Amino acid sequence: MAPAMGLKRPAAVSAAAGSATQTITLPAPAVRDAVRGALRDAEASPPSSAARAPAPPAAVDGVLCLEEVDGRRWSYVVEGSASSAQPKPGRVSARARARAAPVGATFRAVPLQSPLPPAEEIMNFIRSYVVPEGFPDSVTPSYVPYMTWRALKHFFGGAMSVFTTRALLNSVGVSQSRATSGAVAINWILKDGAGRVGKMLFARQGKKFDCDLKQLRFSGDLMMELGAGIELATAAFPQLFLPLACMANVVKNVAAVTSTSTRTPIYKAYAKGENIGDVTAKGESVGNIADLLGTGMSILISKRNPSLVASFAVLSCGYLLSSYQEVRSVVLNTLNTARFTVAVDSFVKTGHVPSLKEGNSEETVFNPPWRHQPVAIGSRFGEAFQEPASFVATRPLFEDERYIVTYNPTKDRVYALLKDQARQDDVLKAAFHAHVLLHFITASHANLKARKRLNSDQGSHQYVNPNPLNMDFLPHIEESCKIVTSSYGIFKRKAREQGWIMSESLLNPGKARLCGVVPQ
């Protein structure tokens with residue numbers, strides 16, 4: 001007989017707030033049907049702006065919660081709150097709860113520490129570029145002496161390159177005049193120096209090289225071709241050689257950082273034993289052989305004086321197509337944000353978690369920065385909630401959880417706020433919950449659009465709230481809580497059966513934590 005799953009109904013935020021928690025027992029195979037049924041209900045009955053649930057009592061003295069980001073704390077305070085608006089102890093009526101955090105009230109973030117001194121701000125900025133996130137706890141003790149000697153090695157190497165570059169330019173016919181050869185060498189060094197600066201600035205991406213290595217790898221190849229195109233433009237604008245060459249070097253060095261940083265994790269995915277060094281060496285050897293063959297072919301073709309632009313366009317298309325297929329062929333067994341989204345979507349729609357090959361093949365490889373991200377994990381309080389009443393209404397649903405999930409209609413995004421007690425499994429559950437809620441929101445929007453089209457065809461008009469609030473979607477949040485309570489354990493089990501490894505660090509959550517949600 002299939003094991004039973006407990007489906008816990010969170011206490012509804014209504015006048016009957018004191019009612020006991022109700023639990024429904026579902027057999028495990030019925031969870032998929034429960035998800036489908038809940039989604040059908042969401043499509044059939046979108047939340048009405050007129051049926052807002054009254055809010056529970058506001059926080060004491062107008063303080064909603066405390067938030068910590070990178071060791072610094074903020075207090076979120078209700079604007080214009082008065083002591084007369086605070087509810088009295090004991091049973092609180094729905095009208096009193098609504099007065100405690102009236103719709104339309106606002107909040108502001110109050111820093112609990114004085115601003116950092118400018119010198120410390122500068123040091124924090126420098127640290128973000130030169131040390132890994134979580135330093136020194138994220139590395140071994142030998143990291144510091146290794147990087148110290150490595151920095152000295154590159155210091156002397158950079159100084160020596162000025163003289164070697166000058167000698168090379170002299171050997172190919174540049175004027176022996178000290179002033180001329182020195183100026184040319186300096187210009188060349190400036191070009192290379194600009195590239196190194198670009199490489200250093202892009203290194204701030206940090207953990208993204210581990211979390212989104214496929215996306216960054218393909219983006220790096222796109223930037224490599226962009227840099228090559230800028231280099232090609234120097235032939236048309238020789239008077240702009242130095243600025244164009246500097247720009248091209250910046251772009252190509254950023255691409256080089258991406259390639260170098262993502263190379264080892266990709267090779268690691270193919271190594272079955274302690275042979276990562278051998279796999280890496282052979283992989284680089286194959287790349288060098290192919291590069292030499294391509295160089296030879298290009299030399300033969302260039303003797304026929306083909307069109308420079310046409311040749312570049314054809315070769316660039318081949319390069320990018322090969323890069324795209326290269327990245328898509330990588331099969332990783334970890335669930336980053338993109339693959340986690342694929343897995344949860346498949347589970348909600350079909351009740352099954354995709355295999356490693358299926359999940360990787362469906363992963364979005366090209367993810368430009370301007371693309372809208374519908375889910376955010378570990379966000380700040382001010383990004384997720386529009387007004388105090390929405391937070392006060394949502395908070396009771398997550399009293400037993402170490403996170404809070406909500407939907408901000410003004411930004412069309414589901415937010416998962418993490419509490420300071422949140423551990424790895426809590427972050428994973430928050431991400432799962434956020435994607436389940438996203439399905440309810442998507443169904444609601446689709447239903448609303450269908451109703452609008454139907455009303456338009458019939459010539460009738462239906463009022464639609466132009467300024468919806470978080471609490472307008474509270475029924476969807478309640479339904480998502482029921483589904484997550486019953487199905488999250490099943491999702492984890494099926495993901496493990498398919499070979500997936502779930503780690504909260506690969507979801508790259510934000511650093512904000514709710515560290516003082518004031519009790520009711």
# chains A, B, ... in the order shown; residues from 1 in each chain; ligands from 1
>>> residues_around(residues="His372 of chain A", least_positions_apart="2", cutoff="12 Å", atoms="only C-alpha atoms", output="list in words")
Asn367, Pro368, Pro369, Trp370, Pro374, Val375, Ala376, Lys411, Asp412, Arg413 and Val414 of chain A
>>> atom_distance(atom1="atom CA of Phe473 of chain A", atom2="atom CA of Val427 of chain A")
22.2 Å
>>> residues_around(residues="Leu469 of chain A", least_positions_apart="6", cutoff="9 Å", atoms="only C-alpha atoms", output="JSON list (two decimals) with N, CA and C atoms, in the first residue's frame")
[["chain", "number", "residue", "atom", "x", "y", "z"],
["A", 49, "SER", "N", -10.10, 41.24, -5.99],
["A", 49, "SER", "CA", -9.54, 42.35, -5.22],
["A", 49, "SER", "C", -10.51, 42.83, -4.16],
["A", 385, "PHE", "N", 7.39, 43.00, -0.63],
["A", 385, "PHE", "CA", 6.09, 43.47, -0.14],
["A", 385, "PHE", "C", 5.88, 44.93, -0.51],
["A", 386, "GLN", "N", 4.60, 45.25, -0.82],
["A", 386, "GLN", "CA", 4.25, 46.60, -1.21],
["A", 386, "GLN", "C", 3.84, 47.47, -0.03],
["A", 387, "GLU", "N", 3.22, 46.85, 0.97],
["A", 387, "GLU", "CA", 2.72, 47.60, 2.12],
["A", 387, "GLU", "C", 2.65, 46.69, 3.33],
["A", 390, "SER", "N", 0.03, 43.55, 3.65],
["A", 390, "SER", "CA", 0.27, 42.30, 2.91],
["A", 390, "SER", "C", 1.19, 41.37, 3.69],
["A", 407, "TYR", "N", 3.88, 37.08, -3.68],
["A", 407, "TYR", "CA", 3.90, 37.52, -5.08],
["A", 407, "TYR", "C", 3.69, 39.02, -5.11],
["A", 408, "ASN", "N", 4.59, 39.73, -5.79],
["A", 408, "ASN", "CA", 4.49, 41.18, -5.94],
["A", 408, "ASN", "C", 3.97, 41.48, -7.34],
["A", 409, "PRO", "N", 2.70, 41.88, -7.47],
["A", 409, "PRO", "CA", 2.13, 42.08, -8.81],
["A", 409, "PRO", "C", 2.74, 43.25, -9.56],
["A", 410, "THR", "N", 3.25, 44.25, -8.83],
["A", 410, "THR", "CA", 3.85, 45.40, -9.53],
["A", 410, "THR", "C", 5.12, 45.01, -10.26]]
>>> atom_distance(atom1="atom CA of Tyr146 of chain A", atom2="atom CA of Pro132 of chain A")
13.9 Å
>>> residues_around(residues="segment 268-278 of chain A", least_positions_apart="3", cutoff="9 Å", atoms="only C-alpha atoms", output="ChimeraX atom specification")
/A:263-265,281-283,330-333
>>> write_last_selection(atoms="C-alpha atoms", output="mmCIF file, in the first residue's frame")
data_model
loop_
_atom_site.group_PDB
_atom_site.id
_atom_site.type_symbol
_atom_site.label_atom_id
_atom_site.label_comp_id
_atom_site.auth_asym_id
_atom_site.auth_seq_id
_atom_site.Cartn_x
_atom_site.Cartn_y
_atom_site.Cartn_z
ATOM 1 C CA ARG A 263 36.473 24.766 -17.727
ATOM 2 C CA THR A 264 37.321 22.743 -14.614
ATOM 3 C CA PRO A 265 33.702 22.130 -13.454
ATOM 4 C CA ALA A 281 45.053 17.955 -20.223
ATOM 5 C CA LYS A 282 43.591 15.793 -22.991
ATOM 6 C CA GLY A 283 40.684 18.160 -23.465
ATOM 7 C CA VAL A 330 27.224 18.909 -21.005
ATOM 8 C CA VAL A 331 25.232 16.747 -18.550
ATOM 9 C CA LEU A 332 25.465 17.924 -14.931
ATOM 10 C CA ASN A 333 23.816 16.163 -11.997
#
>>> atom_distance(atom1="atom CA of Met147 of chain A", atom2="atom CA of Ile266 of chain A")
23.8 Å
>>> select_by_dssp(residues="segment 215-463 of chain A", states="strand (DSSP E)", output="ChimeraX atom specification")
/A:375-377,403-408,413-418
>>> residues_around(residues="Asn336 of chain A", least_positions_apart="4", cutoff="6 Å", atoms="only C-alpha atoms", output="CSV table (one decimal) with N, CA, C and O atoms, in the first residue's frame")
chain,number,residue,atom,x,y,z
A,211,CYS,N,27.4,28.3,-10.3
A,211,CYS,CA,25.9,28.1,-10.4
A,211,CYS,C,25.4,28.0,-11.8
A,211,CYS,O,24.7,27.1,-12.2
A,340,PHE,N,16.6,23.5,-11.8
A,340,PHE,CA,15.6,23.3,-10.8
A,340,PHE,C,14.3,23.7,-11.3
A,340,PHE,O,13.3,23.1,-11.0
A,506,LEU,N,23.9,26.2,-5.1
A,506,LEU,CA,23.8,26.3,-6.6
A,506,LEU,C,22.6,27.1,-7.0
A,506,LEU,O,22.5,27.5,-8.1
A,507,LEU,N,21.7,27.3,-6.1
A,507,LEU,CA,20.5,28.2,-6.4
A,507,LEU,C,20.9,29.6,-6.2
A,507,LEU,O,20.1,30.5,-6.6
>>> decode(residues="segment 325-336 of chain A", atoms="all heavy atoms", output="compact mmCIF listing (two decimals), in the first residue's frame")
# COMPACT_ATOMS: atom_id res chain seq x y z
N GLN A 325 26.09 24.07 -29.14
CA GLN A 325 25.92 22.62 -29.04
C GLN A 325 26.89 22.01 -28.02
O GLN A 325 26.56 21.04 -27.34
CB GLN A 325 26.13 21.99 -30.42
CG GLN A 325 25.09 22.36 -31.44
CD GLN A 325 23.69 21.93 -31.04
OE1 GLN A 325 23.49 20.96 -30.32
NE2 GLN A 325 22.69 22.67 -31.49
N GLU A 326 28.07 22.61 -27.89
CA GLU A 326 29.04 22.13 -26.90
C GLU A 326 28.47 22.26 -25.49
O GLU A 326 28.53 21.32 -24.68
CB GLU A 326 30.34 22.94 -27.01
CG GLU A 326 31.35 22.66 -25.91
CD GLU A 326 32.37 23.78 -25.76
OE1 GLU A 326 32.16 24.87 -26.32
OE2 GLU A 326 33.37 23.56 -25.05
N VAL A 327 27.91 23.43 -25.20
CA VAL A 327 27.37 23.68 -23.86
C VAL A 327 26.14 22.80 -23.60
O VAL A 327 25.98 22.26 -22.51
CB VAL A 327 27.02 25.17 -23.70
CG1 VAL A 327 26.29 25.42 -22.39
CG2 VAL A 327 28.29 26.01 -23.74
N ARG A 328 25.30 22.64 -24.60
CA ARG A 328 24.09 21.82 -24.43
C ARG A 328 24.43 20.35 -24.22
O ARG A 328 23.63 19.61 -23.62
CB ARG A 328 23.17 21.97 -25.64
CG ARG A 328 22.36 23.25 -25.63
CD ARG A 328 21.42 23.30 -26.82
NE ARG A 328 20.51 22.17 -26.83
CZ ARG A 328 19.35 22.12 -26.18
NH1 ARG A 328 18.98 23.16 -25.43
NH2 ARG A 328 18.57 21.07 -26.25
N SER A 329 25.57 19.90 -24.71
CA SER A 329 25.93 18.49 -24.57
C SER A 329 26.43 18.15 -23.18
O SER A 329 26.55 16.96 -22.84
CB SER A 329 27.01 18.12 -25.60
OG SER A 329 28.22 18.79 -25.31
N VAL A 330 26.73 19.16 -22.36
CA VAL A 330 27.22 18.91 -21.01
C VAL A 330 26.06 18.43 -20.14
O VAL A 330 25.01 19.06 -20.09
CB VAL A 330 27.85 20.19 -20.40
CG1 VAL A 330 28.30 19.93 -18.97
CG2 VAL A 330 29.01 20.66 -21.25
N VAL A 331 26.26 17.31 -19.44
CA VAL A 331 25.23 16.75 -18.55
C VAL A 331 25.75 16.86 -17.11
O VAL A 331 26.72 16.20 -16.74
CB VAL A 331 24.91 15.29 -18.89
CG1 VAL A 331 23.89 14.72 -17.90
CG2 VAL A 331 24.39 15.19 -20.32
N LEU A 332 25.10 17.72 -16.33
CA LEU A 332 25.47 17.92 -14.93
C LEU A 332 24.38 17.33 -14.04
O LEU A 332 23.19 17.40 -14.37
CB LEU A 332 25.64 19.41 -14.64
CG LEU A 332 26.70 20.15 -15.48
CD1 LEU A 332 26.65 21.65 -15.21
CD2 LEU A 332 28.09 19.60 -15.20
N ASN A 333 24.79 16.79 -12.89
CA ASN A 333 23.82 16.16 -12.00
C ASN A 333 23.40 17.07 -10.84
O ASN A 333 22.77 16.63 -9.89
CB ASN A 333 24.37 14.85 -11.44
CG ASN A 333 25.63 15.07 -10.61
OD1 ASN A 333 26.18 16.16 -10.56
ND2 ASN A 333 26.10 14.01 -9.97
N THR A 334 23.77 18.33 -10.92
CA THR A 334 23.40 19.30 -9.89
C THR A 334 22.24 20.16 -10.37
O THR A 334 22.10 20.41 -11.58
CB THR A 334 24.59 20.21 -9.53
OG1 THR A 334 25.12 20.79 -10.73
CG2 THR A 334 25.68 19.42 -8.84
N LEU A 335 21.42 20.61 -9.44
CA LEU A 335 20.26 21.43 -9.78
C LEU A 335 20.56 22.90 -9.47
O LEU A 335 20.48 23.35 -8.33
CB LEU A 335 19.03 20.97 -8.98
CG LEU A 335 18.33 19.70 -9.47
CD1 LEU A 335 17.26 19.27 -8.49
CD2 LEU A 335 17.73 19.91 -10.85
N ASN A 336 20.95 23.62 -10.51
CA ASN A 336 21.06 25.07 -10.35
C ASN A 336 19.68 25.69 -10.61
O ASN A 336 18.68 24.98 -10.72
CB ASN A 336 22.12 25.63 -11.30
CG ASN A 336 21.73 25.49 -12.76
OD1 ASN A 336 20.81 24.75 -13.11
ND2 ASN A 336 22.42 26.21 -13.63
